[in-house]
Amino acid sequence: MFYINLWPLFKARGIDKPHAFLVKAGLPSSTAHKFLHSMYRTPRLDNIERICIALRCTPHDIFVWAPDTNNPIPDDHPLHKLKQHTTSFNLRESFSNLSVDQLNQVQDLLNKLDKEK
């Protein structure tokens with residue numbers, strides 16, 4: 001079964017008010033509520049696009065697949081790539097523990113990645 005999970009991205013990006021974030025991105029309040037509480041069974045593609053633009057991600061980053069125990073598929077099936085990621089991170093928390101020297105190293109790496117675009 002497919003579902004949308006935005007919470008890891010909110011956490012990774014340090015977004016403390018996800019509902020306000022989604023509304024600011026152009027989603028109606030009721031639609032934002034449905035996305036946040038996994039109540040949106042048939043999401044519109046334009047809403048998925050708005051979310052991806054606002055979060056700088058792809059649909060692959062927000063769609064999650066949970067296998068149906070009654071209808072197993074082979075382990076090498078591509079859908080397995082969409083299983084929920086177990087790792088989540090919060091950059092704000094991670095950066096708060098770094099020294100100034102380490103933060104400068106991170107900035108250098110970010111600059112290098114930005115040039116590679």
# chains A, B, ... in the order shown; residues from 1 in each chain; ligands from 1

call {"tool": "residues_around", "arguments": {"residues": "range 11-21 of chain A", "least_positions_apart": "2", "cutoff": "9 Å", "atoms": "only C-alpha atoms", "output": "list in words"}}
result
Leu6, Trp7, Pro8, Leu9, Val23, Lys24, Ala25, Gly26, Ser29, Ala32, His33, Leu36, Ala54, Leu55, Ser88, Phe89, Asn90, Leu91, Arg92 and Glu93 of chain A

call {"tool": "closest_residue", "arguments": {"among": "A:Val106, A:Asn70, A:Asp61, A:Lys115", "to": "Ser94 in chain A", "atoms": "only C-alpha atoms"}}
result
A:Val106

call {"tool": "residues_around", "arguments": {"residues": "His80 in chain A", "least_positions_apart": "5", "cutoff": "9 Å", "atoms": "only C-alpha atoms", "output": "list in words"}}
result
Trp65, Ala66, Pro67 and Asp75 of chain A

call {"tool": "closest_residue", "arguments": {"among": "A:Ile4, A:Val100, A:Leu113, A:Ile62", "to": "Phe35 in chain A", "atoms": "only C-alpha atoms"}}
result
A:Ile4

call {"tool": "select_by_dssp", "arguments": {"residues": "chain A", "states": "strand (DSSP E or B)", "output": "mmCIF file with C-alpha atoms, in the first residue's frame"}}
result
data_model
loop_
_atom_site.group_PDB
_atom_site.id
_atom_site.type_symbol
_atom_site.label_atom_id
_atom_site.label_comp_id
_atom_site.auth_asym_id
_atom_site.auth_seq_id
_atom_site.Cartn_x
_atom_site.Cartn_y
_atom_site.Cartn_z
ATOM 1 C CA PHE A 2 1.247 3.469 -0.847
ATOM 2 C CA TYR A 3 1.095 6.391 1.529
ATOM 3 C CA ILE A 4 2.713 9.791 1.882
ATOM 4 C CA PHE A 63 5.901 8.284 -1.148
ATOM 5 C CA VAL A 64 6.293 5.226 1.041
ATOM 6 C CA TRP A 65 5.272 1.695 0.239
#

call {"tool": "atom_distance", "arguments": {"atom1": "CA of Phe10 in chain A", "atom2": "CA of Leu82 in chain A"}}
result
18.1 Å

call {"tool": "atom_distance", "arguments": {"atom1": "CA of Glu49 in chain A", "atom2": "CA of Leu27 in chain A"}}
result
10.6 Å

call {"tool": "atom_distance", "arguments": {"atom1": "CA of Leu109 in chain A", "atom2": "CA of Arg50 in chain A"}}
result
28.4 Å

call {"tool": "select_by_dssp", "arguments": {"residues": "chain A", "states": "alpha helix (DSSP H)", "output": "PyMOL selection string"}}
result
chain A and resi 7-12+18-24+29-36+45-55+59-62+91-96+100-115

call {"tool": "decode", "arguments": {"residues": "chain A", "atoms": "C-alpha atoms", "output": "PDB file, in the first residue's frame"}}
result
ATOM      1  CA  MET A   1       0.000   0.000   0.000  1.00  0.00           C
ATOM      2  CA  PHE A   2       1.247   3.469  -0.847  1.00  0.00           C
ATOM      3  CA  TYR A   3       1.095   6.391   1.529  1.00  0.00           C
ATOM      4  CA  ILE A   4       2.713   9.791   1.882  1.00  0.00           C
ATOM      5  CA  ASN A   5       5.026  10.534   4.786  1.00  0.00           C
ATOM      6  CA  LEU A   6       6.292  14.106   4.989  1.00  0.00           C
ATOM      7  CA  TRP A   7       7.479  13.959   8.598  1.00  0.00           C
ATOM      8  CA  PRO A   8      11.088  12.826   7.948  1.00  0.00           C
ATOM      9  CA  LEU A   9      11.561  15.742   5.544  1.00  0.00           C
ATOM     10  CA  PHE A  10      10.048  18.220   7.986  1.00  0.00           C
ATOM     11  CA  LYS A  11      12.368  16.960  10.695  1.00  0.00           C
ATOM     12  CA  ALA A  12      15.430  16.968   8.432  1.00  0.00           C
ATOM     13  CA  ARG A  13      14.736  20.530   7.314  1.00  0.00           C
ATOM     14  CA  GLY A  14      13.951  21.771  10.823  1.00  0.00           C
ATOM     15  CA  ILE A  15      10.354  22.674   9.980  1.00  0.00           C
ATOM     16  CA  ASP A  16       8.605  23.127  13.324  1.00  0.00           C
ATOM     17  CA  LYS A  17       5.183  24.128  11.973  1.00  0.00           C
ATOM     18  CA  PRO A  18       4.428  21.754   9.094  1.00  0.00           C
ATOM     19  CA  HIS A  19       0.790  22.808   8.682  1.00  0.00           C
ATOM     20  CA  ALA A  20       1.769  26.463   8.259  1.00  0.00           C
ATOM     21  CA  PHE A  21       4.578  25.419   5.931  1.00  0.00           C
ATOM     22  CA  LEU A  22       2.193  23.508   3.638  1.00  0.00           C
ATOM     23  CA  VAL A  23      -0.360  26.328   3.620  1.00  0.00           C
ATOM     24  CA  LYS A  24       2.386  28.818   2.755  1.00  0.00           C
ATOM     25  CA  ALA A  25       3.413  26.455  -0.073  1.00  0.00           C
ATOM     26  CA  GLY A  26      -0.076  26.890  -1.552  1.00  0.00           C
ATOM     27  CA  LEU A  27      -2.117  24.019  -0.158  1.00  0.00           C
ATOM     28  CA  PRO A  28      -5.528  24.733   1.342  1.00  0.00           C
ATOM     29  CA  SER A  29      -5.621  24.253   5.112  1.00  0.00           C
ATOM     30  CA  SER A  30      -7.895  21.206   4.872  1.00  0.00           C
ATOM     31  CA  THR A  31      -5.598  19.580   2.303  1.00  0.00           C
ATOM     32  CA  ALA A  32      -2.536  20.245   4.463  1.00  0.00           C
ATOM     33  CA  HIS A  33      -4.344  18.614   7.395  1.00  0.00           C
ATOM     34  CA  LYS A  34      -5.113  15.529   5.290  1.00  0.00           C
ATOM     35  CA  PHE A  35      -1.489  15.203   4.183  1.00  0.00           C
ATOM     36  CA  LEU A  36      -0.199  15.557   7.734  1.00  0.00           C
ATOM     37  CA  HIS A  37      -2.574  12.950   9.141  1.00  0.00           C
ATOM     38  CA  SER A  38      -2.310  10.419   6.289  1.00  0.00           C
ATOM     39  CA  MET A  39      -5.958  10.946   5.403  1.00  0.00           C
ATOM     40  CA  TYR A  40      -5.393  11.837   1.749  1.00  0.00           C
ATOM     41  CA  ARG A  41      -6.248   8.709  -0.259  1.00  0.00           C
ATOM     42  CA  THR A  42      -6.100  10.258  -3.741  1.00  0.00           C
ATOM     43  CA  PRO A  43      -3.678  13.186  -3.702  1.00  0.00           C
ATOM     44  CA  ARG A  44      -3.775  15.547  -6.646  1.00  0.00           C
ATOM     45  CA  LEU A  45      -0.583  15.722  -8.644  1.00  0.00           C
ATOM     46  CA  ASP A  46      -0.458  19.507  -8.474  1.00  0.00           C
ATOM     47  CA  ASN A  47      -0.419  19.256  -4.664  1.00  0.00           C
ATOM     48  CA  ILE A  48       2.386  16.691  -4.811  1.00  0.00           C
ATOM     49  CA  GLU A  49       4.269  19.073  -7.087  1.00  0.00           C
ATOM     50  CA  ARG A  50       3.750  22.016  -4.685  1.00  0.00           C
ATOM     51  CA  ILE A  51       5.042  19.934  -1.790  1.00  0.00           C
ATOM     52  CA  CYS A  52       8.078  18.755  -3.758  1.00  0.00           C
ATOM     53  CA  ILE A  53       8.912  22.301  -4.832  1.00  0.00           C
ATOM     54  CA  ALA A  54       8.567  23.639  -1.281  1.00  0.00           C
ATOM     55  CA  LEU A  55      10.596  20.808   0.279  1.00  0.00           C
ATOM     56  CA  ARG A  56      13.107  20.626  -2.608  1.00  0.00           C
ATOM     57  CA  CYS A  57      12.501  16.913  -3.032  1.00  0.00           C
ATOM     58  CA  THR A  58      11.031  14.405  -5.467  1.00  0.00           C
ATOM     59  CA  PRO A  59       7.885  12.288  -5.140  1.00  0.00           C
ATOM     60  CA  HIS A  60      10.243   9.383  -4.448  1.00  0.00           C
ATOM     61  CA  ASP A  61      11.214  11.161  -1.207  1.00  0.00           C
ATOM     62  CA  ILE A  62       7.638  11.422   0.101  1.00  0.00           C
ATOM     63  CA  PHE A  63       5.901   8.284  -1.148  1.00  0.00           C
ATOM     64  CA  VAL A  64       6.293   5.226   1.041  1.00  0.00           C
ATOM     65  CA  TRP A  65       5.272   1.695   0.239  1.00  0.00           C
ATOM     66  CA  ALA A  66       4.280  -0.874   2.840  1.00  0.00           C
ATOM     67  CA  PRO A  67       4.119  -4.446   1.542  1.00  0.00           C
ATOM     68  CA  ASP A  68       0.828  -6.290   1.734  1.00  0.00           C
ATOM     69  CA  THR A  69       1.379  -9.406   3.831  1.00  0.00           C
ATOM     70  CA  ASN A  70      -1.447 -11.143   1.957  1.00  0.00           C
ATOM     71  CA  ASN A  71       0.116 -10.477  -1.434  1.00  0.00           C
ATOM     72  CA  PRO A  72       3.909 -10.784  -1.156  1.00  0.00           C
ATOM     73  CA  ILE A  73       6.185  -9.729  -4.000  1.00  0.00           C
ATOM     74  CA  PRO A  74       9.748 -10.886  -4.732  1.00  0.00           C
ATOM     75  CA  ASP A  75      12.549  -9.322  -2.691  1.00  0.00           C
ATOM     76  CA  ASP A  76      14.155  -7.904  -5.826  1.00  0.00           C
ATOM     77  CA  HIS A  77      11.039  -5.973  -6.883  1.00  0.00           C
ATOM     78  CA  PRO A  78      11.680  -2.204  -7.391  1.00  0.00           C
ATOM     79  CA  LEU A  79       8.848  -1.275  -4.993  1.00  0.00           C
ATOM     80  CA  HIS A  80      11.054  -2.317  -2.096  1.00  0.00           C
ATOM     81  CA  LYS A  81      13.061   0.877  -2.703  1.00  0.00           C
ATOM     82  CA  LEU A  82      10.027   2.830  -1.485  1.00  0.00           C
ATOM     83  CA  LYS A  83       9.870   1.178   1.925  1.00  0.00           C
ATOM     84  CA  GLN A  84       9.975   3.603   4.856  1.00  0.00           C
ATOM     85  CA  HIS A  85      13.466   4.861   5.554  1.00  0.00           C
ATOM     86  CA  THR A  86      14.475   4.079   9.101  1.00  0.00           C
ATOM     87  CA  THR A  87      17.007   6.864   9.349  1.00  0.00           C
ATOM     88  CA  SER A  88      15.854  10.365  10.060  1.00  0.00           C
ATOM     89  CA  PHE A  89      17.932  13.329  11.007  1.00  0.00           C
ATOM     90  CA  ASN A  90      17.548  16.886  12.156  1.00  0.00           C
ATOM     91  CA  LEU A  91      20.202  19.181  10.763  1.00  0.00           C
ATOM     92  CA  ARG A  92      19.496  21.862  13.341  1.00  0.00           C
ATOM     93  CA  GLU A  93      20.239  19.413  16.160  1.00  0.00           C
ATOM     94  CA  SER A  94      23.271  17.993  14.363  1.00  0.00           C
ATOM     95  CA  PHE A  95      24.776  21.427  13.716  1.00  0.00           C
ATOM     96  CA  SER A  96      24.237  22.581  17.290  1.00  0.00           C
ATOM     97  CA  ASN A  97      26.829  20.057  18.495  1.00  0.00           C
ATOM     98  CA  LEU A  98      29.550  20.976  15.994  1.00  0.00           C
ATOM     99  CA  SER A  99      32.502  23.223  16.719  1.00  0.00           C
ATOM    100  CA  VAL A 100      33.034  26.367  14.669  1.00  0.00           C
ATOM    101  CA  ASP A 101      35.867  24.616  12.825  1.00  0.00           C
ATOM    102  CA  GLN A 102      33.571  21.703  11.968  1.00  0.00           C
ATOM    103  CA  LEU A 103      30.861  24.114  10.802  1.00  0.00           C
ATOM    104  CA  ASN A 104      33.409  25.739   8.483  1.00  0.00           C
ATOM    105  CA  GLN A 105      34.225  22.298   7.068  1.00  0.00           C
ATOM    106  CA  VAL A 106      30.529  21.638   6.498  1.00  0.00           C
ATOM    107  CA  GLN A 107      30.208  25.002   4.733  1.00  0.00           C
ATOM    108  CA  ASP A 108      33.141  24.114   2.483  1.00  0.00           C
ATOM    109  CA  LEU A 109      31.463  20.800   1.593  1.00  0.00           C
ATOM    110  CA  LEU A 110      28.168  22.560   0.893  1.00  0.00           C
ATOM    111  CA  ASN A 111      29.917  25.079  -1.354  1.00  0.00           C
ATOM    112  CA  LYS A 112      31.570  22.216  -3.237  1.00  0.00           C
ATOM    113  CA  LEU A 113      28.210  20.445  -3.684  1.00  0.00           C
ATOM    114  CA  ASP A 114      26.597  23.655  -4.857  1.00  0.00           C
ATOM    115  CA  LYS A 115      29.273  24.091  -7.536  1.00  0.00           C
ATOM    116  CA  GLU A 116      28.668  20.519  -8.759  1.00  0.00           C
ATOM    117  CA  LYS A 117      25.020  21.266  -9.628  1.00  0.00           C
TER     118      LYS A 117
END
